[in-house]
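Asks: What follows is final30.cif, made up of mmCIF, C-alpha atoms and all ligand atoms:
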```cif
data_run
#
loop_
_atom_site.label_atom_id
_atom_site.label_comp_id
_atom_site.auth_asym_id
_atom_site.auth_seq_id
_atom_site.Cartn_x
_atom_site.Cartn_y
_atom_site.Cartn_z
CA MET A 1 52.06 3.51 20.29
CA ASN A 2 50.78 1.81 23.41
CA ILE A 3 50.50 -1.97 23.38
CA LEU A 4 47.06 -3.21 24.39
CA LYS A 5 47.01 -4.02 28.11
CA VAL A 6 44.46 -6.01 30.09
CA LEU A 7 44.24 -5.96 33.87
CA VAL A 8 42.89 -9.19 35.35
CA VAL A 9 41.39 -8.89 38.83
CA ASN A 10 40.40 -11.77 41.10
CA CYS A 11 38.71 -10.68 44.33
CA GLY A 12 38.48 -13.49 46.88
CA SER A 13 36.74 -13.26 50.23
CA SER A 14 39.81 -11.70 51.88
CA SER A 15 42.24 -11.13 49.03
CA VAL A 16 42.67 -9.34 45.72
CA LYS A 17 44.91 -10.94 43.10
CA TYR A 18 45.84 -9.14 39.89
CA THR A 19 47.86 -9.57 36.70
CA LEU A 20 48.55 -6.96 34.06
CA PHE A 21 49.08 -8.40 30.58
CA GLU A 22 50.48 -6.91 27.43
CA MET A 23 48.33 -8.70 24.90
CA GLU A 24 50.60 -8.43 21.88
CA ASN A 25 52.74 -11.31 23.13
CA GLU A 26 50.38 -12.25 25.97
CA LYS A 27 53.16 -11.19 28.32
CA LYS A 28 52.64 -10.81 32.07
CA ILE A 29 54.13 -7.46 33.02
CA ALA A 30 52.95 -6.97 36.62
CA TRP A 31 51.25 -9.23 39.13
CA GLY A 32 50.60 -9.60 42.82
CA ILE A 33 48.15 -10.10 45.64
CA VAL A 34 46.83 -8.20 48.65
CA GLU A 35 46.08 -10.82 51.29
CA CYS A 36 44.36 -10.95 54.68
CA ILE A 37 42.26 -7.86 53.95
CA GLY A 38 40.80 -6.44 57.16
CA LEU A 39 43.30 -8.27 59.39
CA PRO A 40 46.41 -6.92 61.15
CA GLU A 41 48.62 -9.26 59.09
CA ALA A 42 47.34 -7.85 55.77
CA CYS A 43 50.17 -7.78 53.26
CA TYR A 44 50.88 -6.83 49.67
CA ARG A 45 53.09 -9.08 47.53
CA ARG A 46 53.95 -7.90 44.06
CA GLN A 47 56.35 -8.27 41.20
CA THR A 48 56.85 -6.91 37.73
CA ILE A 49 58.69 -8.14 34.69
CA ASP A 50 61.45 -5.62 35.52
CA THR A 51 61.51 -5.66 39.32
CA ALA A 52 62.09 -8.35 41.92
CA GLY A 53 59.31 -9.57 44.18
CA ARG A 54 58.44 -7.43 47.19
CA ARG A 55 56.28 -8.00 50.25
CA ASP A 56 55.03 -5.34 52.66
CA TYR A 57 52.59 -5.34 55.53
CA VAL A 58 49.82 -2.87 54.73
CA LYS A 59 46.69 -1.48 56.35
CA VAL A 60 43.73 -2.31 54.15
CA THR A 61 40.25 -2.76 55.54
CA ASN A 62 38.30 -3.63 52.39
CA HIS A 63 38.53 -4.53 48.69
CA ILE A 64 38.32 -0.87 47.60
CA GLU A 65 41.42 0.04 49.61
CA ALA A 66 43.23 -3.03 48.29
CA LEU A 67 42.46 -2.09 44.68
CA GLU A 68 43.45 1.54 45.32
CA LEU A 69 46.80 0.29 46.54
CA ILE A 70 47.24 -1.92 43.48
CA ILE A 71 46.32 0.82 40.96
CA LYS A 72 48.58 3.30 42.77
CA ASN A 73 51.42 0.81 42.58
CA LEU A 74 50.82 0.12 38.88
CA LEU A 75 51.04 3.89 38.27
CA ASP A 76 54.08 4.43 40.50
CA LYS A 77 56.72 6.55 38.75
CA LYS A 78 59.61 4.32 39.84
CA VAL A 79 58.27 0.77 39.92
CA GLY A 80 54.95 1.08 38.07
CA SER A 81 54.13 -0.57 34.75
CA ILE A 82 51.89 2.11 33.26
CA THR A 83 52.09 5.90 33.14
CA ASN A 84 48.40 6.53 32.63
CA LYS A 85 45.26 4.67 33.72
CA ASN A 86 43.97 4.81 30.15
CA GLU A 87 46.70 2.44 29.02
CA ILE A 88 44.49 -0.32 30.43
CA ALA A 89 42.11 -1.24 27.61
CA VAL A 90 39.86 -3.42 29.72
CA VAL A 91 39.64 -4.91 33.21
CA GLY A 92 38.74 -8.61 33.33
CA HIS A 93 37.12 -9.75 36.58
CA ARG A 94 37.06 -13.36 37.59
CA VAL A 95 33.58 -14.14 38.92
CA ALA A 96 32.89 -17.42 40.69
CA HIS A 97 29.25 -18.03 39.88
CA GLY A 98 27.32 -16.94 36.81
CA GLY A 99 24.21 -19.00 37.58
CA ILE A 100 21.97 -19.78 34.63
CA LYS A 101 22.05 -16.25 33.22
CA PHE A 102 25.70 -16.03 32.28
CA SER A 103 26.79 -18.65 29.80
CA LYS A 104 29.65 -16.52 28.52
CA SER A 105 31.74 -13.50 29.46
CA VAL A 106 29.94 -10.14 29.44
CA LEU A 107 30.75 -6.44 29.45
CA VAL A 108 29.64 -4.85 32.72
CA THR A 109 26.43 -2.80 32.57
CA GLU A 110 23.98 -1.75 35.29
CA LYS A 111 21.72 -4.66 34.28
CA VAL A 112 24.60 -7.14 34.47
CA LYS A 113 25.45 -5.92 37.98
CA GLU A 114 21.83 -6.30 39.06
CA ASP A 115 21.66 -9.83 37.64
CA LEU A 116 24.89 -10.74 39.36
CA LYS A 117 23.43 -9.81 42.74
CA GLU A 118 20.87 -12.59 42.27
CA TYR A 119 23.68 -15.09 42.55
CA PHE A 120 25.19 -13.89 45.82
CA THR A 121 23.49 -16.75 47.63
CA LEU A 122 24.90 -19.34 45.22
CA ALA A 123 28.50 -18.38 46.08
CA PRO A 124 28.29 -16.41 49.33
CA LEU A 125 32.05 -16.31 49.92
CA HIS A 126 33.02 -15.31 46.41
CA ASN A 127 30.33 -13.45 44.44
CA PRO A 128 29.87 -10.55 46.92
CA ALA A 129 33.66 -10.07 46.96
CA ASN A 130 33.74 -10.18 43.14
CA TYR A 131 30.95 -7.61 43.05
CA ALA A 132 32.81 -5.33 45.49
CA GLY A 133 35.81 -5.46 43.14
CA ILE A 134 33.69 -4.56 40.10
CA VAL A 135 32.21 -1.53 41.85
CA ALA A 136 35.60 -0.43 43.18
CA ILE A 137 37.21 -0.62 39.73
CA GLU A 138 34.30 1.35 38.22
CA LYS A 139 34.94 4.11 40.73
CA MET A 140 38.67 4.14 40.22
CA LEU A 141 38.74 3.63 36.45
CA PRO A 142 35.41 5.08 35.26
CA GLU A 143 36.57 5.37 31.66
CA ILE A 144 37.74 1.77 31.36
CA PRO A 145 35.31 -1.01 30.43
CA SER A 146 35.10 -4.09 32.62
CA VAL A 147 34.34 -7.66 31.55
CA LEU A 148 33.13 -10.48 33.79
CA VAL A 149 34.57 -13.93 33.18
CA PHE A 150 32.72 -16.65 35.06
CA ASP A 151 34.10 -19.85 36.55
CA THR A 152 30.84 -21.55 35.65
CA ALA A 153 30.37 -20.30 32.07
CA PHE A 154 32.55 -22.84 30.25
CA HIS A 155 30.39 -25.64 31.69
CA GLN A 156 27.10 -24.22 30.44
CA THR A 157 27.16 -26.56 27.44
CA MET A 158 26.35 -29.60 29.61
CA PRO A 159 23.15 -31.39 28.60
CA ASP A 160 20.26 -31.22 31.08
CA TYR A 161 20.48 -34.89 32.04
CA ALA A 162 24.07 -34.24 33.18
CA TYR A 163 23.44 -31.02 35.10
CA MET A 164 20.14 -31.91 36.77
CA TYR A 165 19.90 -33.44 40.24
CA ALA A 166 17.18 -36.01 40.79
CA ILE A 167 15.37 -33.91 43.40
CA PRO A 168 11.86 -32.41 43.07
CA TYR A 169 11.83 -30.36 39.87
CA GLU A 170 10.50 -27.18 41.47
CA TYR A 171 13.86 -26.72 43.25
CA TYR A 172 15.45 -26.40 39.84
CA GLU A 173 12.79 -24.02 38.54
CA ARG A 174 12.48 -21.87 41.64
CA ASP A 175 15.94 -22.07 43.23
CA HIS A 176 18.07 -22.95 40.19
CA ILE A 177 19.53 -25.94 41.99
CA ARG A 178 21.56 -27.80 39.36
CA LYS A 179 25.15 -28.62 38.54
CA TYR A 180 27.16 -25.57 37.40
CA GLY A 181 30.80 -26.70 37.48
CA PHE A 182 33.83 -24.55 38.32
CA HIS A 183 37.44 -23.86 37.26
CA GLY A 184 36.04 -22.98 33.81
CA PRO A 185 38.94 -20.75 32.68
CA SER A 186 41.42 -23.47 33.67
CA HIS A 187 39.63 -26.31 31.86
CA SER A 188 39.17 -24.05 28.86
CA TYR A 189 42.81 -22.94 28.79
CA VAL A 190 44.31 -26.44 29.08
CA SER A 191 41.91 -27.87 26.50
CA GLN A 192 43.13 -25.26 24.00
CA ARG A 193 46.76 -26.02 24.85
CA ALA A 194 46.08 -29.76 24.52
CA ALA A 195 44.74 -29.20 21.01
CA ALA A 196 47.93 -27.28 20.17
CA ILE A 197 50.14 -30.06 21.59
CA LEU A 198 48.18 -32.76 19.74
CA ASP A 199 48.21 -30.55 16.64
CA LYS A 200 44.50 -31.07 16.02
CA PRO A 201 41.56 -28.69 16.12
CA LEU A 202 39.53 -28.81 19.34
CA SER A 203 36.51 -29.62 17.20
CA GLU A 204 38.02 -33.05 16.50
CA LEU A 205 39.00 -33.93 20.05
CA LYS A 206 37.60 -35.72 23.06
CA LEU A 207 39.42 -34.64 26.19
CA ILE A 208 39.35 -35.24 29.93
CA THR A 209 40.89 -32.35 31.85
CA VAL A 210 41.89 -32.91 35.47
CA HIS A 211 42.42 -29.76 37.54
CA LEU A 212 44.02 -30.89 40.83
CA GLY A 213 44.81 -28.13 43.30
CA ASN A 214 43.43 -27.13 46.67
CA GLY A 215 40.09 -27.39 44.93
CA SER A 216 39.88 -30.03 42.21
CA SER A 217 37.59 -30.86 39.33
CA VAL A 218 37.48 -33.11 36.28
CA ALA A 219 35.78 -32.18 33.00
CA ALA A 220 34.72 -34.22 29.97
CA ILE A 221 35.10 -32.08 26.85
CA GLU A 222 33.93 -33.00 23.37
CA LYS A 223 34.63 -30.72 20.39
CA GLY A 224 35.65 -27.96 22.81
CA LYS A 225 32.37 -28.18 24.75
CA VAL A 226 31.95 -29.47 28.28
CA VAL A 227 29.58 -32.44 28.46
CA ASP A 228 30.05 -33.14 32.16
CA THR A 229 32.14 -32.01 35.11
CA SER A 230 32.69 -33.22 38.65
CA MET A 231 31.94 -30.07 40.66
CA GLY A 232 28.29 -29.28 41.10
CA PHE A 233 25.91 -26.73 42.51
CA THR A 234 28.91 -25.55 44.55
CA PRO A 235 32.64 -26.37 44.37
CA LEU A 236 32.14 -29.06 47.03
CA GLN A 237 31.00 -31.95 44.84
CA GLY A 238 33.32 -34.31 43.02
CA VAL A 239 36.75 -35.71 43.81
CA VAL A 240 38.48 -35.70 47.21
CA MET A 241 40.16 -32.30 47.74
CA GLY A 242 42.53 -30.61 50.21
CA THR A 243 39.90 -29.84 52.84
CA ARG A 244 36.67 -30.61 50.93
CA CYS A 245 34.97 -33.97 51.10
CA GLY A 246 33.85 -34.23 47.48
CA ASP A 247 31.12 -36.81 46.80
CA ILE A 248 29.54 -38.21 49.94
CA ASP A 249 26.17 -39.74 50.70
CA PRO A 250 24.06 -36.64 51.55
CA ALA A 251 22.36 -38.65 54.30
CA ILE A 252 25.65 -38.40 56.26
CA ILE A 253 24.80 -34.75 56.82
CA THR A 254 21.35 -35.37 58.26
CA TYR A 255 22.83 -38.15 60.40
CA ILE A 256 25.47 -35.78 61.80
CA LEU A 257 22.90 -33.06 62.37
CA ASN A 258 20.71 -35.45 64.33
CA THR A 259 23.51 -37.13 66.24
CA TYR A 260 25.43 -33.96 67.25
CA PRO A 261 22.75 -31.25 67.48
CA HIS A 262 24.80 -29.10 69.88
CA GLN A 263 27.95 -29.15 67.77
CA TYR A 264 26.16 -28.60 64.46
CA LYS A 265 23.53 -26.01 65.26
CA ASN A 266 23.49 -24.28 61.89
CA SER A 267 24.54 -24.51 58.29
CA ASP A 268 27.83 -22.68 58.96
CA ALA A 269 29.05 -25.51 61.16
CA LEU A 270 28.02 -28.11 58.61
CA ASN A 271 29.57 -26.16 55.76
CA SER A 272 32.81 -25.94 57.66
CA PHE A 273 32.67 -29.71 58.33
CA MET A 274 32.36 -30.47 54.60
CA ASN A 275 34.48 -27.65 53.16
CA LYS A 276 37.25 -27.05 55.68
CA LYS A 277 37.64 -30.10 57.86
CA SER A 278 37.37 -32.93 55.35
CA GLY A 279 39.34 -34.11 52.32
CA LEU A 280 43.06 -34.93 52.65
CA PHE A 281 43.14 -32.94 55.85
CA GLY A 282 40.17 -34.64 57.46
CA VAL A 283 41.23 -38.19 56.60
CA SER A 284 44.94 -37.81 57.37
CA GLY A 285 44.44 -35.53 60.38
CA LEU A 286 47.66 -33.90 59.19
CA SER A 287 47.46 -31.56 56.25
CA ALA A 288 45.61 -30.49 53.12
CA ASP A 289 48.91 -30.26 51.24
CA ILE A 290 49.84 -33.27 49.15
CA ARG A 291 53.56 -32.64 49.81
CA THR A 292 53.08 -33.13 53.55
CA ILE A 293 50.92 -36.17 52.89
CA VAL A 294 53.61 -37.76 50.69
CA GLU A 295 56.30 -37.07 53.30
CA ALA A 296 54.12 -38.64 55.99
CA ILE A 297 53.55 -41.74 53.82
CA LYS A 298 57.33 -42.15 53.56
CA ALA A 299 57.48 -42.02 57.36
CA GLY A 300 54.92 -44.82 57.52
CA ASN A 301 51.78 -42.82 58.35
CA ARG A 302 48.80 -45.07 57.64
CA ARG A 303 46.12 -42.38 57.48
CA ALA A 304 48.22 -40.23 55.13
CA LYS A 305 48.45 -43.26 52.80
CA LEU A 306 44.71 -43.76 53.01
CA ALA A 307 44.00 -40.07 52.20
CA PHE A 308 46.39 -40.21 49.22
CA GLU A 309 44.80 -43.40 47.90
CA MET A 310 41.29 -42.02 48.33
CA LEU A 311 42.15 -38.88 46.35
CA CYS A 312 43.72 -40.84 43.49
CA TYR A 313 40.91 -43.40 43.45
CA SER A 314 38.23 -40.71 43.28
CA VAL A 315 39.93 -39.08 40.28
CA LYS A 316 40.41 -42.47 38.59
CA LYS A 317 36.67 -43.13 38.92
CA TYR A 318 35.78 -39.85 37.23
CA ILE A 319 38.25 -40.48 34.40
CA SER A 320 36.78 -43.94 33.85
CA ALA A 321 33.22 -42.62 33.94
CA TYR A 322 33.98 -39.79 31.52
CA TYR A 323 35.73 -42.22 29.18
CA GLY A 324 32.36 -43.92 28.90
CA VAL A 325 30.45 -40.64 28.68
CA LEU A 326 32.66 -39.50 25.78
CA ASN A 327 32.77 -42.96 24.20
CA GLY A 328 36.56 -42.79 23.93
CA VAL A 329 39.19 -40.18 24.70
CA ASP A 330 42.05 -38.62 22.73
CA GLY A 331 43.77 -36.72 25.52
CA LEU A 332 43.96 -36.73 29.31
CA VAL A 333 45.32 -33.51 30.83
CA PHE A 334 46.67 -32.92 34.34
CA THR A 335 46.90 -29.35 35.61
CA ALA A 336 47.02 -27.06 38.71
CA GLY A 337 49.20 -27.34 41.84
CA ILE A 338 48.98 -31.11 42.32
CA GLY A 339 48.33 -32.07 38.69
CA GLU A 340 51.40 -30.15 37.51
CA ASN A 341 53.75 -31.01 40.36
CA SER A 342 53.00 -34.44 41.74
CA PRO A 343 54.18 -37.29 39.47
CA LEU A 344 53.21 -39.71 42.22
CA VAL A 345 49.56 -38.64 42.12
CA ARG A 346 49.49 -38.75 38.30
CA GLU A 347 51.02 -42.24 38.33
CA LYS A 348 48.66 -43.61 40.96
CA ILE A 349 45.66 -42.25 39.01
CA CYS A 350 46.79 -43.67 35.66
CA VAL A 351 48.00 -47.06 36.79
CA ASN A 352 45.85 -49.98 35.58
CA LEU A 353 43.90 -47.93 33.07
CA GLN A 354 45.52 -49.60 30.05
CA THR A 355 42.16 -51.21 29.23
CA LEU A 356 41.04 -47.68 28.36
CA GLY A 357 44.16 -47.08 26.30
CA ILE A 358 45.72 -44.91 29.02
CA GLU A 359 49.39 -45.86 29.33
CA MET A 360 51.78 -43.66 31.20
CA ASP A 361 55.51 -43.43 30.56
CA LEU A 362 56.66 -43.58 34.18
CA GLU A 363 60.13 -42.27 33.38
CA ARG A 364 58.80 -39.22 31.53
CA ASN A 365 56.21 -38.66 34.19
CA ASN A 366 58.92 -38.55 36.84
CA THR A 367 61.38 -36.39 34.99
CA LEU A 368 59.00 -33.74 33.66
CA SER A 369 59.43 -30.79 35.95
CA ASN A 370 57.80 -27.41 35.92
CA GLY A 371 56.61 -27.62 32.41
CA GLU A 372 54.33 -28.76 29.71
CA GLY A 373 54.64 -32.13 28.02
CA LEU A 374 53.44 -35.58 27.09
CA VAL A 375 53.85 -38.27 29.74
CA SER A 376 52.29 -41.23 27.92
CA VAL A 377 54.16 -43.94 26.03
CA PRO A 378 54.19 -43.29 22.25
CA THR A 379 51.77 -46.19 21.67
CA SER A 380 49.22 -45.00 24.25
CA LYS A 381 45.86 -44.50 22.54
CA VAL A 382 45.08 -41.70 24.98
CA LYS A 383 47.78 -39.04 25.09
CA ILE A 384 48.50 -38.05 28.68
CA MET A 385 49.61 -34.44 29.08
CA VAL A 386 50.77 -32.18 31.88
CA ILE A 387 49.86 -28.57 31.12
CA PRO A 388 50.45 -25.70 33.56
CA THR A 389 47.19 -23.82 33.86
CA ASN A 390 46.93 -20.11 33.16
CA GLU A 391 43.53 -18.92 34.30
CA GLU A 392 44.61 -15.28 34.32
CA LEU A 393 45.66 -15.40 30.67
CA MET A 394 42.37 -17.07 29.76
CA ILE A 395 40.50 -14.25 31.54
CA ALA A 396 42.63 -11.66 29.73
CA ARG A 397 41.91 -13.29 26.36
CA GLU A 398 38.18 -13.53 27.11
CA SER A 399 38.08 -9.88 28.20
CA LYS A 400 39.81 -8.74 25.04
CA ALA A 401 37.53 -10.89 22.88
CA CYS A 402 34.45 -9.60 24.66
CA LEU A 403 35.56 -5.98 24.28
CA TYR A 404 36.32 -6.19 20.59
CA GLY A 405 33.65 -8.71 19.66
CA ARG A 406 34.31 -12.36 19.00
CA GLN A 407 35.37 -13.46 15.55
P1 LIG B 501 46.54 -24.75 43.58
O1 LIG B 501 45.21 -24.67 44.25
O2 LIG B 501 46.45 -25.08 42.13
O3 LIG B 501 47.43 -23.59 43.87
O4 LIG B 501 47.27 -26.04 44.22
C1 LIG B 501 47.73 -26.02 45.55
C2 LIG B 501 48.17 -27.42 45.96
O5 LIG B 501 49.11 -27.95 45.01
C3 LIG B 501 48.94 -27.45 47.28
O6 LIG B 501 48.08 -27.54 48.37
C4 LIG B 501 49.80 -28.68 47.15
O7 LIG B 501 49.06 -29.80 47.60
C5 LIG B 501 50.04 -28.82 45.67
N1 LIG B 501 51.39 -28.41 45.27
C6 LIG B 501 51.85 -27.16 45.05
N2 LIG B 501 53.16 -27.18 44.70
C7 LIG B 501 53.54 -28.48 44.71
C8 LIG B 501 54.76 -29.18 44.46
N3 LIG B 501 55.87 -28.54 44.08
N4 LIG B 501 54.76 -30.52 44.57
C9 LIG B 501 53.64 -31.19 44.90
N5 LIG B 501 52.46 -30.60 45.17
C10 LIG B 501 52.41 -29.27 45.08
#
```
Show me, as structure tokens, the structure contained in the file I just sent.
Ligand code: AMP
Replies:
Amino acid sequence: MNILKVLVVNCGSSSVKYTLFEMENEKKIAWGIVECIGLPEACYRRQTIDTAGRRDYVKVTNHIEALELIIKNLLDKKVGSITNKNEIAVVGHRVAHGGIKFSKSVLVTEKVKEDLKEYFTLAPLHNPANYAGIVAIEKMLPEIPSVLVFDTAFHQTMPDYAYMYAIPYEYYERDHIRKYGFHGPSHSYVSQRAAAILDKPLSELKLITVHLGNGSSVAAIEKGKVVDTSMGFTPLQGVVMGTRCGDIDPAIITYILNTYPHQYKNSDALNSFMNKKSGLFGVSGLSADIRTIVEAIKAGNRRAKLAFEMLCYSVKKYISAYYGVLNGVDGLVFTAGIGENSPLVREKICVNLQTLGIEMDLERNNTLSNGEGLVSVPTSKVKIMVIPTNEELMIARESKACLYGRQ
């Protein structure tokens, strides 16, 4: 008998990432990425549970060709992981923006696809690519159902006073301008793991989850439901990130527009300023990667130190604010590239938060490597945890639950 398999697909603007899971033991059996789609340096990296990693340059001009390559590889007689397309029970697509219509995962229908198109403008880099992937999979695997899992959906439980911006109300009604929040599958996954580590049901917990990667966001979660999160209408708001500015005074943008009209002629230039040229990279002038920043600090680089301190300070402010929002916290979780791998960042964020009952065990924090665990002292009121995120698994679980109906 075939074990239930779920294929998770994540179409970015110029890449397609995938993971095939066997759901019985939630085991990853094949995974990879086609990168730089449409460019001469396009390449396909892949691995399976039985075969070593491989990387080839490939000619792929669009998402359809990338997915064709992936499905062909999964079916390959020698290195493939399935013998028949029908072994895939469901395809789970990661979708960046679900707007106000999608508060949970959905099975793909014609109506769902039409509704999704409405949100192209809310995530112009991601949603059209996600859509292209959905259509491509439908063509290639017409018998297999697809489920959409939204980055924004987990945050749909926020109260209106948290998600509204204090701008004229008609922009909310007409244009749906409000806070949506992102990294939903990651916040959701680590909150479930935190409950398991703390050995308590989610319904009894107040958690702050800190996803620190290239993009970063913080979420306040009460009884398994998000009550606030740091990212907003787009993934630009919130803490200082690799190349994104996070929270700034919006008047800076009109000032720049007025002061440098030739350099910033349109929204693309301004978007690039805020999304690609700011953050750790913009302040340090060096890199968006925290590892390079830390090395530069050791070499005495002043601006690298400033960028590092700004990032940690911005996260500390959100944690402190959400402590108040939640009226106390049981667990603080660090996850994603920086959250999982940089003890220095975790330490700098948590230092001097003992008033809130957040007390880190510096030794444990330093020695925990590549894994899950508690890094607070046993007497810390707030348990500090490092939990590797697993967004793909969360999407696979959601897709399975959506296909078979939630319990
Ligand atoms: P993500 O977006 O979750 O993949 O995170 C990517 C970021 O995590 C990188 O830009 C680095 O700043 C950081 N990162 C990844 N690996 C490490 C590591 N071993 N040590 C410190 N930081 C890391």
Asks: Determine, using all atoms listed in the file, which residues of chain A have any atom at most 7 Å from an atom of ligand LIG 501 (chain B), and tabulate each with its shortest atom pair and distance in Å to one decimal place, rows ordered by chain and then rising number, as JSON lines.
Replies:
```
{"residue": "A:Leu212", "atom": "CA", "partner": "B:LIG501", "partner_atom": "O2", "distance": 6.4}
{"residue": "A:Gly213", "atom": "CA", "partner": "B:LIG501", "partner_atom": "O4", "distance": 3.4}
{"residue": "A:Asn214", "atom": "CA", "partner": "B:LIG501", "partner_atom": "O1", "distance": 3.9}
{"residue": "A:Gly215", "atom": "CA", "partner": "B:LIG501", "partner_atom": "O1", "distance": 5.8}
{"residue": "A:Gly242", "atom": "CA", "partner": "B:LIG501", "partner_atom": "O6", "distance": 6.6}
{"residue": "A:Ala288", "atom": "CA", "partner": "B:LIG501", "partner_atom": "O6", "distance": 6.1}
{"residue": "A:Asp289", "atom": "CA", "partner": "B:LIG501", "partner_atom": "O7", "distance": 3.7}
{"residue": "A:Ile290", "atom": "CA", "partner": "B:LIG501", "partner_atom": "O7", "distance": 3.9}
{"residue": "A:Arg291", "atom": "CA", "partner": "B:LIG501", "partner_atom": "C9", "distance": 5.1}
{"residue": "A:Ala336", "atom": "CA", "partner": "B:LIG501", "partner_atom": "O2", "distance": 4.0}
{"residue": "A:Gly337", "atom": "CA", "partner": "B:LIG501", "partner_atom": "O5", "distance": 3.2}
{"residue": "A:Ile338", "atom": "CA", "partner": "B:LIG501", "partner_atom": "O5", "distance": 4.2}
{"residue": "A:Asn341", "atom": "CA", "partner": "B:LIG501", "partner_atom": "N4", "distance": 4.4}
{"residue": "A:Ser342", "atom": "CA", "partner": "B:LIG501", "partner_atom": "C9", "distance": 4.6}
```
Asks: Select, from A:Phe281, A:Tyr322, A:Tyr161, A:Tyr131, the residue with the minimum atom-to-atom distance to Val147 (chain A), counting all atoms listed in the file.
Replies: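 Checking each of A:Phe281, A:Tyr322, A:Tyr161, A:Tyr131 against Val147 (chain A), counting all atoms listed in the file, the winner is A:Tyr131.
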Asks: I need every residue sitting at most 12 Å from the point (28.9, -37.5, 50.5) (coordinates as in the file, all atoms listed in the file considered), written as a PyMOL selection string.
Replies: chain A and resi 236-240+244-256+273-275+278-279
Asks: Taking (28.2, -21.2, 35.3) in the file's coordinates as the center, which residues reach within 12 Å of it, counting all atoms listed in the file, put as a ChimeraX atom specification?
Replies: /A:95-105,116,119,122-123,148-158,163,176-185,226,229,231-235
Asks: Between CA of Gly285 (chain A) and CA of Leu311 (chain A), what distance in Å does the model show, to one decimal?
Replies: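 CA of Leu311 (chain A) lies 14.6 Å from CA of Gly285 (chain A).
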Asks: Figure out the distance between CA of His187 (chain A) and CA of Val283 (chain A), please, to one decimal in Å.
Replies: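 Going from CA of Val283 (chain A) over to CA of His187 (chain A), I get 27.5 Å.
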Asks: Measuring atom to atom with only C-alpha atoms, identify which of A:Val60, A:Pro128, A:Thr51, A:Val6 is nearest to Lys78 (chain A).
Replies: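 Nearest candidate to Lys78 (chain A) out of A:Val60, A:Pro128, A:Thr51, A:Val6: A:Thr51.
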Asks: Please indicate the distance in Å from CA of Gly324 (chain A) to CA of Ala166 (chain A), rounded to one decimal place.
Replies: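 Interatomic distance here is 20.8 Å.
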Asks: Write out as a compact mmCIF listing (two decimals) with C-alpha atoms, in the frame of the given file which residues come within 12 Å of Leu207 (chain A) when counting all atoms listed in the file, dropping same-chain ones fewer than 3 positions away.
Replies:
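Output below, filename around-v7.txt:
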```txt
# COMPACT_ATOMS: atom_id res chain seq x y z
CA HIS A 187 39.63 -26.31 31.86
CA SER A 188 39.17 -24.05 28.86
CA VAL A 190 44.31 -26.44 29.08
CA SER A 191 41.91 -27.87 26.50
CA GLN A 192 43.13 -25.26 24.00
CA ARG A 193 46.76 -26.02 24.85
CA ALA A 194 46.08 -29.76 24.52
CA ALA A 195 44.74 -29.20 21.01
CA LEU A 198 48.18 -32.76 19.74
CA LYS A 200 44.50 -31.07 16.02
CA PRO A 201 41.56 -28.69 16.12
CA LEU A 202 39.53 -28.81 19.34
CA SER A 203 36.51 -29.62 17.20
CA GLU A 204 38.02 -33.05 16.50
CA VAL A 210 41.89 -32.91 35.47
CA VAL A 218 37.48 -33.11 36.28
CA ALA A 219 35.78 -32.18 33.00
CA ALA A 220 34.72 -34.22 29.97
CA ILE A 221 35.10 -32.08 26.85
CA GLU A 222 33.93 -33.00 23.37
CA LYS A 223 34.63 -30.72 20.39
CA GLY A 224 35.65 -27.96 22.81
CA LYS A 225 32.37 -28.18 24.75
CA VAL A 226 31.95 -29.47 28.28
CA VAL A 227 29.58 -32.44 28.46
CA ASP A 228 30.05 -33.14 32.16
CA THR A 229 32.14 -32.01 35.11
CA ILE A 319 38.25 -40.48 34.40
CA TYR A 322 33.98 -39.79 31.52
CA TYR A 323 35.73 -42.22 29.18
CA GLY A 324 32.36 -43.92 28.90
CA VAL A 325 30.45 -40.64 28.68
CA LEU A 326 32.66 -39.50 25.78
CA ASN A 327 32.77 -42.96 24.20
CA GLY A 328 36.56 -42.79 23.93
CA VAL A 329 39.19 -40.18 24.70
CA ASP A 330 42.05 -38.62 22.73
CA GLY A 331 43.77 -36.72 25.52
CA LEU A 332 43.96 -36.73 29.31
CA VAL A 333 45.32 -33.51 30.83
CA PHE A 334 46.67 -32.92 34.34
CA VAL A 382 45.08 -41.70 24.98
CA LYS A 383 47.78 -39.04 25.09
CA ILE A 384 48.50 -38.05 28.68
CA MET A 385 49.61 -34.44 29.08
```
Asks: Give me the residues near Glu347 (chain A) as a ChimeraX atom specification, where near means some atom within 10 Å (using all atoms listed in the file) and where sequence neighbours in that chain fewer than 4 positions away do not count.
Replies: /A:312,342-343,351-352,359-362,365-366,375
Asks: Which of these residues is nearest to Leu74 (chain A), using all atoms listed in the file: A:Ser14, A:Gln47, A:Thr121, A:Ser320?
Replies: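 Closest candidate: A:Gln47.
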Asks: Using only C-alpha atoms, which of the listed residues (A:Ser146, A:Thr355, A:Thr379, A:Asn266) sits closest to Val91 (chain A)?
Replies: A:Ser146
Asks: Do a neighbour search on His211 (chain A) at 6 Å with all atoms listed in the file, toss out local chain neighbours closer than 2 positions, and write the hits as number ranges by chain.
Replies: A: 216-217, 335-336
Asks: Given the selection you just returned, output its residues as a file containing C-alpha atoms, formatted as a PDB file, in the frame of the given file.
Replies:
```pdb
ATOM      1  CA  SER A 216      39.880 -30.030  42.210  1.00  0.00           C
ATOM      2  CA  SER A 217      37.590 -30.860  39.330  1.00  0.00           C
ATOM      3  CA  THR A 335      46.900 -29.350  35.610  1.00  0.00           C
ATOM      4  CA  ALA A 336      47.020 -27.060  38.710  1.00  0.00           C
TER       5      ALA A 336
END
```
